[in-house]
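Q: Mind having a look at this structure? Questions to follow.
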Amino acid sequence: MTATIERGAATAPVSSPKSAPPAQKPTGRKPRAFMASSNGRKAVMAVTGAVMVGFLLLHMLGNLKIFLGRESFNDYAHALRTLLEPIAPYRTVLTILEIGLVASVLLHMWAAISLARRARHARPVKYVAKKSQAGGYATHIMRYGGVTIALFVVWHLLDLTFGVVNPKGFDSAPADRMIAGFDPSRWWVTLIYIVAVAMVGLHLRHGIWSAFQTLGWANRARYKALRASASLVSAVLVVGFLAPPLAITFGVVK
């Protein structure tokens with residue numbers, strides 16, 4: 001007897017390659033913008049930090065002109081306000097530089113805060129081992145020192161730039177405002193200035209050293225040299241900024 005086997009529905013038809021559905025691309029996350037990445041924000045901190053260091057160096061050199069006499073200091077202040085005249089109106093270039101400096105400060109703070117938050121969210125559980133005293137000290141300096149510096153900058157502008165809290169007022173000559181601002185009777189202003197400038201130095205020292213580490217330069221061979229360089233730059237700025245107010249307070253400059 002011959003059995004007939006019929007093809008049933010169990011036999012699936014073979015589809016041609018042309019009728020196959022197109023392969024789907026893996027649905028991965030799109031690369032984030034450079035500014036949103038940790039490396040991008042570290043770059044923002046480095047660039048804005050360099051801008052602020054350059055400003056501090058130039059500002060320090062300008063302040064030291066008070067030792068050359070009132071006229072020298074006033075000429076320096078006048079030159080800042082008349083940069084590129086008559087091509088640019090009075091104080092235009094200085095205003096642009098000030099806006100750029102403020103933008104650098106704000107971007108620097110934004111990058112620092114966002115990186116700190118990202119690091120904290122990435123490690124919600126604290127380490128069991130305690131941080132070293134040096135690490136905790138640096139963290140406090142960068143955190144509270146930045147706030148102290150920001151508050152001081154506001155006071156400094158109100159005192160010596162706009163003359164709002166200065167005894168001589170806005171219409172006086174820059175040299176007169178500086179000498180009146182650090183008059184011996186206002187010793188507390190000098191004391192605030194000393195504390196704020198010391199904070200700037202510590203903040204700058206740690207910031208420069210952190211930049212060296214981020215760039216990968218802080219290896220064993222360069223460790224001592226780079227550490228000394230960070231300390232030297234911060235020390236020069238601290239001494240340079242403290243010299244004029246201390247000289248005025250103690251009667252060396254009158």
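Chain labels A, B, ... are given in the sequence in which chains occur in the structure tokens; within each chain residues are numbered consecutively from 1, and ligands are likewise numbered from 1 in the order shown.
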So that I can check the surroundings of Ser231 (chain A), please list as number ranges by chain every protein, DNA and RNA residue that reaches within 12 Å of it, counting only C-alpha atoms and ignoring chain neighbours fewer than 3 positions away.

A: A: 201-209, 224-228, 234-238

Q: Check the DSSP output for the backbone and give back, as an MDAnalysis selection string, the residues of region 16-249 of chain A in alpha helix (DSSP H).

A: chainID A and resid 38:63 70:81 92:122 133:156 174:181 187:214 223:249

Q: At what distance in Å, to one decimal, does CA of Val47 (chain A) lie from CA of Arg220 (chain A)?

A: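 Taking CA of Arg220 (chain A) and CA of Val47 (chain A), their separation equals 25.3 Å.
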
Q: Residues near Val253 (chain A), anyone? I mean within 12 Å using only C-alpha atoms, not counting same-chain ones fewer than 5 positions away, as a list in words.

A: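 Near Val253 (chain A), the qualifying residues are Leu64, Lys65, Ile66, Phe67, Leu68, Gly69, Arg70, Ala175, Asp176, Met178, Ile179, Ala180, Phe182, Asp183, Pro184, Ala243, Pro244, Pro245, Leu246, Ala247 and Ile248 of chain A.
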
Q: Find, counting only C-alpha atoms, the residue in A:Gly163, A:Leu84, A:Gly181, A:Lys42 that gets nearest to Ala116 (chain A).

A: A:Lys42

Q: Go through A:Leu80, A:Val195, A:Trp188, A:Val51 and flag the residue nearest Thr92 (chain A), using only C-alpha atoms for the distances.

A: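 Using only C-alpha atoms, Thr92 (chain A) sits closest to A:Leu80.
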
Q: For CA of Ala46 (chain A) and CA of His59 (chain A), quote the distance in Å rounded to one decimal.

A: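 Distance between the two atoms: 19.8 Å.
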
Q: Which residues come within 12 Å of Thr214 (chain A), counting only C-alpha atoms, excluding same-chain residues fewer than 2 positions away, as number ranges by chain?

A: A: 38-39, 41-43, 45-46, 207-212, 216-219

Q: Rounded to one decimal in Å, what is the spacing between CA of Gly49 (chain A) and CA of Phe73 (chain A)?

A: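 For CA of Gly49 (chain A) relative to CA of Phe73 (chain A), the distance reads 26.9 Å.
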
Q: Which residues are close to Phe241 (chain A), i.e. within 8 Å by only C-alpha atoms, leaving aside same-chain residues fewer than 5 positions away? Reply as a list in words.

A: Met60, Asn63, Leu64 and Val197 of chain A

Q: Hey, which of A:Phe55, A:Phe152, A:Tyr76, A:Tyr90 ends up closest to Ala173 (chain A)? Count only C-alpha atoms.

A: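 Residue with the minimum atom-to-atom distance to Ala173 (chain A): A:Tyr76.
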
Q: Pick from A:Val233, A:Ala196, A:Met52, A:Val239: nearest to Leu107 (chain A), with only C-alpha atoms counted?

A: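 Comparing A:Val233, A:Ala196, A:Met52, A:Val239 against Leu107 (chain A), the winner is A:Met52.
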
Q: With only C-alpha atoms as the basis for distance, which of A:Asp171, A:Thr48, A:Glu85, A:Thr190 is at the shortest distance from Ala103 (chain A)?

A: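 That would be A:Thr48, the residue with the smallest distance to Ala103 (chain A).
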